[in-house]
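Asks: Sharing a structure below in structure tokens format, with a few things to ask.
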Amino acid sequence: MEPEGTYFLLYDGECRICTAFARAVAALDIRGTLRARPLQDSRDLLGGMPEEEILGAAHVVAPDGQVTTGAAAMPTIAGVLLGVPRLEAWLRSSPPRMRAVSRAYDFLVSLRGQLTCGVPSPSSAARSPR
């Protein structure tokens, strides 16, 4: 059972970028209020979210069950990690700040699937037509 007040960061456990991000967030969580869990093991926390939306983005589930998704979840993560709930409200209150948050999130999303080895293995290189 999780302590009261626990937030959950749900990420794609099969994505290297997502996993690295979740590990970094967990390492920064010195207050112990945020738990990172792979989406693949956490569908129960997302209620009636359509299946096609589940793996499309990271999600944060607040203690009250409220779910925020993608870039919209990043202010929540920042506020929880720093223990400053007003930080979340401050980020959300400004369209330019939220655009900056969205650009940073979109950059991370653009890297999904990009961190794989581009050099073919010796066995596949020998079979490749030239």
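A note on labels: chains of the structure tokens are A, B, ... as shown, every chain counts residues from 1, and ligands are counted from 1 in their shown order.
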Within 9 Å of region 94-108 of chain A, counting only C-alpha atoms, which residues qualify if same-chain residues fewer than 5 places away don't, as a ChimeraX atom specification?

Replies: /A:17-18,21,70-72,74-75,89

Asks: With only C-alpha atoms as the counted atoms, please give the residues lying no more than 10 Å from Tyr7 (chain A), apart from itself and same-chain residues fewer than 3 positions off, as a list in words.

Replies: Glu2, Pro3, Glu4, Leu10, Gly32, Thr33, Leu34, Arg35, Ala36, Val60, Val61, Ala62, Pro63, Asp64, Gly65, Gln66, Val67, Thr76, Ile77 and Val80 of chain A

Asks: Given the choices A:Ala78, A:Arg16, A:Leu111, A:Tyr11, which gets closest to Asp29 (chain A) if the distance is worked out from only C-alpha atoms?

Replies: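 That would be A:Ala78, the residue with the smallest distance to Asp29 (chain A).
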
Asks: Please identify the strand (DSSP E) residues within region 6-65 of chain A (assignment by DSSP from backbone atoms) and present them as a ChimeraX atom specification.

Replies: /A:7-11,34-38,59-61

Asks: DSSP on the backbone, then: every residue of chain A marked helix (DSSP H, G or I), written as a JSON list (two decimals) with N, CA and C atoms, in the first residue's frame.

Replies:
```
[["chain", "number", "residue", "atom", "x", "y", "z"],
["A", 16, "ARG", "N", 13.26, 3.58, -23.99],
["A", 16, "ARG", "CA", 14.48, 3.95, -23.26],
["A", 16, "ARG", "C", 14.43, 5.39, -22.74],
["A", 17, "ILE", "N", 13.93, 6.30, -23.55],
["A", 17, "ILE", "CA", 13.84, 7.71, -23.12],
["A", 17, "ILE", "C", 12.88, 7.83, -21.95],
["A", 18, "CYS", "N", 11.73, 7.19, -22.07],
["A", 18, "CYS", "CA", 10.72, 7.25, -21.00],
["A", 18, "CYS", "C", 11.26, 6.66, -19.70],
["A", 19, "THR", "N", 11.96, 5.53, -19.83],
["A", 19, "THR", "CA", 12.52, 4.88, -18.65],
["A", 19, "THR", "C", 13.61, 5.74, -18.03],
["A", 20, "ALA", "N", 14.46, 6.35, -18.85],
["A", 20, "ALA", "CA", 15.51, 7.22, -18.32],
["A", 20, "ALA", "C", 14.89, 8.43, -17.62],
["A", 21, "PHE", "N", 13.85, 9.01, -18.21],
["A", 21, "PHE", "CA", 13.17, 10.14, -17.60],
["A", 21, "PHE", "C", 12.57, 9.74, -16.25],
["A", 22, "ALA", "N", 11.91, 8.59, -16.21],
["A", 22, "ALA", "CA", 11.29, 8.12, -14.96],
["A", 22, "ALA", "C", 12.35, 7.87, -13.89],
["A", 23, "ARG", "N", 13.48, 7.30, -14.27],
["A", 23, "ARG", "CA", 14.57, 7.08, -13.30],
["A", 23, "ARG", "C", 15.11, 8.40, -12.78],
["A", 24, "ALA", "N", 15.26, 9.38, -13.67],
["A", 24, "ALA", "CA", 15.76, 10.69, -13.24],
["A", 24, "ALA", "C", 14.78, 11.34, -12.26],
["A", 25, "VAL", "N", 13.49, 11.28, -12.59],
["A", 25, "VAL", "CA", 12.48, 11.85, -11.69],
["A", 25, "VAL", "C", 12.52, 11.14, -10.34],
["A", 26, "ALA", "N", 12.61, 9.82, -10.35],
["A", 26, "ALA", "CA", 12.65, 9.06, -9.09],
["A", 26, "ALA", "C", 13.89, 9.43, -8.28],
["A", 27, "ALA", "N", 15.01, 9.65, -8.94],
["A", 27, "ALA", "CA", 16.24, 10.02, -8.23],
["A", 27, "ALA", "C", 16.12, 11.41, -7.60],
["A", 28, "LEU", "N", 15.37, 12.28, -8.24],
["A", 28, "LEU", "CA", 15.18, 13.64, -7.72],
["A", 28, "LEU", "C", 14.12, 13.74, -6.63],
["A", 39, "LEU", "N", 3.61, 2.05, -17.52],
["A", 39, "LEU", "CA", 2.20, 2.03, -17.93],
["A", 39, "LEU", "C", 1.69, 0.61, -18.09],
["A", 40, "GLN", "N", 2.56, -0.25, -18.57],
["A", 40, "GLN", "CA", 2.17, -1.63, -18.83],
["A", 40, "GLN", "C", 1.65, -2.33, -17.58],
["A", 41, "ASP", "N", 2.06, -1.86, -16.40],
["A", 41, "ASP", "CA", 1.64, -2.45, -15.13],
["A", 41, "ASP", "C", 0.68, -1.55, -14.35],
["A", 43, "ARG", "N", -2.38, 0.18, -15.73],
["A", 43, "ARG", "CA", -3.63, 0.57, -16.39],
["A", 43, "ARG", "C", -4.76, 0.78, -15.38],
["A", 44, "ASP", "N", -4.69, 0.09, -14.26],
["A", 44, "ASP", "CA", -5.72, 0.22, -13.23],
["A", 44, "ASP", "C", -5.81, 1.64, -12.68],
["A", 45, "LEU", "N", -4.72, 2.41, -12.74],
["A", 45, "LEU", "CA", -4.72, 3.78, -12.22],
["A", 45, "LEU", "C", -5.32, 4.78, -13.21],
["A", 46, "LEU", "N", -5.53, 4.34, -14.45],
["A", 46, "LEU", "CA", -5.99, 5.27, -15.49],
["A", 46, "LEU", "C", -7.49, 5.18, -15.76],
["A", 51, "GLU", "N", -7.71, 2.91, -24.57],
["A", 51, "GLU", "CA", -6.47, 2.14, -24.73],
["A", 51, "GLU", "C", -5.48, 2.84, -25.66],
["A", 52, "GLU", "N", -5.97, 3.45, -26.75],
["A", 52, "GLU", "CA", -5.06, 4.09, -27.71],
["A", 52, "GLU", "C", -4.35, 5.32, -27.13],
["A", 53, "GLU", "N", -4.88, 5.88, -26.05],
["A", 53, "GLU", "CA", -4.25, 7.04, -25.42],
["A", 53, "GLU", "C", -3.26, 6.66, -24.33],
["A", 54, "ILE", "N", -3.34, 5.44, -23.85],
["A", 54, "ILE", "CA", -2.54, 5.04, -22.69],
["A", 54, "ILE", "C", -1.05, 5.10, -22.99],
["A", 70, "GLY", "N", 0.94, 13.93, -20.70],
["A", 70, "GLY", "CA", 1.89, 14.59, -21.58],
["A", 70, "GLY", "C", 2.48, 15.84, -20.95],
["A", 71, "ALA", "N", 2.60, 16.88, -21.76],
["A", 71, "ALA", "CA", 3.20, 18.13, -21.29],
["A", 71, "ALA", "C", 2.42, 18.72, -20.12],
["A", 72, "ALA", "N", 1.11, 18.48, -20.09],
["A", 72, "ALA", "CA", 0.28, 19.00, -19.00],
["A", 72, "ALA", "C", 0.65, 18.39, -17.65],
["A", 73, "ALA", "N", 1.31, 17.24, -17.67],
["A", 73, "ALA", "CA", 1.72, 16.59, -16.42],
["A", 73, "ALA", "C", 3.02, 17.14, -15.87],
["A", 74, "MET", "N", 3.80, 17.81, -16.68],
["A", 74, "MET", "CA", 5.13, 18.26, -16.25],
["A", 74, "MET", "C", 5.08, 19.30, -15.12],
["A", 75, "PRO", "N", 4.16, 20.28, -15.12],
["A", 75, "PRO", "CA", 4.09, 21.18, -13.98],
["A", 75, "PRO", "C", 3.78, 20.46, -12.66],
["A", 76, "THR", "N", 2.95, 19.42, -12.74],
["A", 76, "THR", "CA", 2.64, 18.65, -11.54],
["A", 76, "THR", "C", 3.91, 17.98, -11.02],
["A", 77, "ILE", "N", 4.69, 17.38, -11.92],
["A", 77, "ILE", "CA", 5.94, 16.73, -11.53],
["A", 77, "ILE", "C", 6.88, 17.73, -10.88],
["A", 78, "ALA", "N", 7.03, 18.90, -11.49],
["A", 78, "ALA", "CA", 7.92, 19.93, -10.94],
["A", 78, "ALA", "C", 7.48, 20.35, -9.53],
["A", 79, "GLY", "N", 6.18, 20.59, -9.36],
["A", 79, "GLY", "CA", 5.67, 20.99, -8.05],
["A", 79, "GLY", "C", 5.86, 19.93, -6.99],
["A", 80, "VAL", "N", 5.62, 18.66, -7.38],
["A", 80, "VAL", "CA", 5.77, 17.55, -6.43],
["A", 80, "VAL", "C", 7.24, 17.36, -6.05],
["A", 81, "LEU", "N", 8.11, 17.35, -7.05],
["A", 81, "LEU", "CA", 9.54, 17.13, -6.77],
["A", 81, "LEU", "C", 10.13, 18.20, -5.86],
["A", 82, "LEU", "N", 9.75, 19.44, -6.12],
["A", 82, "LEU", "CA", 10.31, 20.54, -5.34],
["A", 82, "LEU", "C", 9.53, 20.82, -4.06],
["A", 85, "PRO", "N", 3.80, 23.35, -4.35],
["A", 85, "PRO", "CA", 2.58, 23.28, -5.16],
["A", 85, "PRO", "C", 2.31, 24.55, -5.95],
["A", 86, "ARG", "N", 2.74, 25.69, -5.42],
["A", 86, "ARG", "CA", 2.52, 26.94, -6.13],
["A", 86, "ARG", "C", 3.29, 26.99, -7.45],
["A", 87, "LEU", "N", 4.38, 26.21, -7.55],
["A", 87, "LEU", "CA", 5.14, 26.16, -8.80],
["A", 87, "LEU", "C", 4.27, 25.62, -9.93],
["A", 88, "GLU", "N", 3.50, 24.59, -9.64],
["A", 88, "GLU", "CA", 2.59, 24.04, -10.64],
["A", 88, "GLU", "C", 1.61, 25.11, -11.11],
["A", 89, "ALA", "N", 1.00, 25.80, -10.17],
["A", 89, "ALA", "CA", 0.03, 26.85, -10.52],
["A", 89, "ALA", "C", 0.72, 27.98, -11.30],
["A", 90, "TRP", "N", 1.93, 28.35, -10.91],
["A", 90, "TRP", "CA", 2.67, 29.40, -11.59],
["A", 90, "TRP", "C", 2.96, 29.01, -13.03],
["A", 91, "LEU", "N", 3.40, 27.78, -13.26],
["A", 91, "LEU", "CA", 3.67, 27.33, -14.63],
["A", 91, "LEU", "C", 2.38, 27.31, -15.46],
["A", 92, "ARG", "N", 1.31, 26.79, -14.89],
["A", 92, "ARG", "CA", 0.05, 26.67, -15.62],
["A", 92, "ARG", "C", -0.61, 28.02, -15.90],
["A", 95, "PRO", "N", 0.58, 31.18, -20.43],
["A", 95, "PRO", "CA", 0.72, 30.50, -21.72],
["A", 95, "PRO", "C", 2.16, 30.43, -22.22],
["A", 96, "PRO", "N", 2.98, 31.48, -22.09],
["A", 96, "PRO", "CA", 4.37, 31.34, -22.55],
["A", 96, "PRO", "C", 5.16, 30.29, -21.75],
["A", 97, "ARG", "N", 4.93, 30.20, -20.45],
["A", 97, "ARG", "CA", 5.62, 29.17, -19.66],
["A", 97, "ARG", "C", 5.16, 27.78, -20.06],
["A", 98, "MET", "N", 3.87, 27.61, -20.29],
["A", 98, "MET", "CA", 3.36, 26.30, -20.70],
["A", 98, "MET", "C", 3.83, 25.94, -22.11],
["A", 99, "ARG", "N", 4.00, 26.94, -22.98],
["A", 99, "ARG", "CA", 4.57, 26.65, -24.30],
["A", 99, "ARG", "C", 5.99, 26.15, -24.16],
["A", 100, "ALA", "N", 6.77, 26.74, -23.25],
["A", 100, "ALA", "CA", 8.14, 26.29, -23.01],
["A", 100, "ALA", "C", 8.15, 24.87, -22.46],
["A", 101, "VAL", "N", 7.25, 24.58, -21.53],
["A", 101, "VAL", "CA", 7.14, 23.22, -20.97],
["A", 101, "VAL", "C", 6.77, 22.25, -22.09],
["A", 102, "SER", "N", 5.83, 22.64, -22.92],
["A", 102, "SER", "CA", 5.40, 21.78, -24.03],
["A", 102, "SER", "C", 6.52, 21.53, -25.02],
["A", 103, "ARG", "N", 7.31, 22.55, -25.31],
["A", 103, "ARG", "CA", 8.45, 22.36, -26.24],
["A", 103, "ARG", "C", 9.46, 21.38, -25.66],
["A", 104, "ALA", "N", 9.75, 21.50, -24.36],
["A", 104, "ALA", "CA", 10.70, 20.58, -23.72],
["A", 104, "ALA", "C", 10.15, 19.15, -23.75],
["A", 105, "TYR", "N", 8.87, 18.99, -23.45],
["A", 105, "TYR", "CA", 8.25, 17.67, -23.47],
["A", 105, "TYR", "C", 8.25, 17.11, -24.90],
["A", 106, "ASP", "N", 7.89, 17.94, -25.87],
["A", 106, "ASP", "CA", 7.85, 17.50, -27.26],
["A", 106, "ASP", "C", 9.23, 17.06, -27.74],
["A", 107, "PHE", "N", 10.27, 17.74, -27.27],
["A", 107, "PHE", "CA", 11.63, 17.34, -27.62],
["A", 107, "PHE", "C", 11.92, 15.94, -27.10],
["A", 108, "LEU", "N", 11.58, 15.68, -25.85],
["A", 108, "LEU", "CA", 11.78, 14.33, -25.29],
["A", 108, "LEU", "C", 10.98, 13.30, -26.06],
["A", 109, "VAL", "N", 9.76, 13.63, -26.40],
["A", 109, "VAL", "CA", 8.91, 12.69, -27.15],
["A", 109, "VAL", "C", 9.52, 12.43, -28.53],
["A", 110, "SER", "N", 10.13, 13.44, -29.13],
["A", 110, "SER", "CA", 10.73, 13.25, -30.45],
["A", 110, "SER", "C", 11.88, 12.26, -30.42],
["A", 122, "PRO", "N", 26.90, -7.80, -37.07],
["A", 122, "PRO", "CA", 27.69, -8.48, -38.10],
["A", 122, "PRO", "C", 26.88, -9.52, -38.88],
["A", 123, "SER", "N", 25.99, -10.23, -38.23],
["A", 123, "SER", "CA", 25.23, -11.27, -38.93],
["A", 123, "SER", "C", 24.24, -10.66, -39.92],
["A", 124, "SER", "N", 23.60, -9.52, -39.56],
["A", 124, "SER", "CA", 22.66, -8.90, -40.48],
["A", 124, "SER", "C", 23.39, -8.12, -41.57],
["A", 125, "ALA", "N", 24.59, -7.60, -41.28],
["A", 125, "ALA", "CA", 25.36, -6.86, -42.28],
["A", 125, "ALA", "C", 25.80, -7.80, -43.40],
["A", 126, "ALA", "N", 26.13, -9.04, -43.05],
["A", 126, "ALA", "CA", 26.57, -9.99, -44.05],
["A", 126, "ALA", "C", 25.44, -10.36, -45.01],
["A", 127, "ARG", "N", 24.19, -10.28, -44.52],
["A", 127, "ARG", "CA", 23.05, -10.64, -45.36],
["A", 127, "ARG", "C", 22.52, -9.45, -46.15]]
```

Asks: Which of these residues is nearest to Ser42 (chain A), using only C-alpha atoms: A:Ala57, A:Phe8, A:Thr68, A:Ile30?

Replies: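 Closest candidate: A:Phe8.
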
Asks: Report, in Å with one decimal, the straight-line distance from CA of Glu14 (chain A) to CA of Arg31 (chain A).

Replies: 26.7 Å

Asks: Any idea what the distance is between CA of Thr69 (chain A) and CA of Gly56 (chain A)?

Replies: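 Separating CA of Thr69 (chain A) from CA of Gly56 (chain A) is a distance of 9.2 Å.
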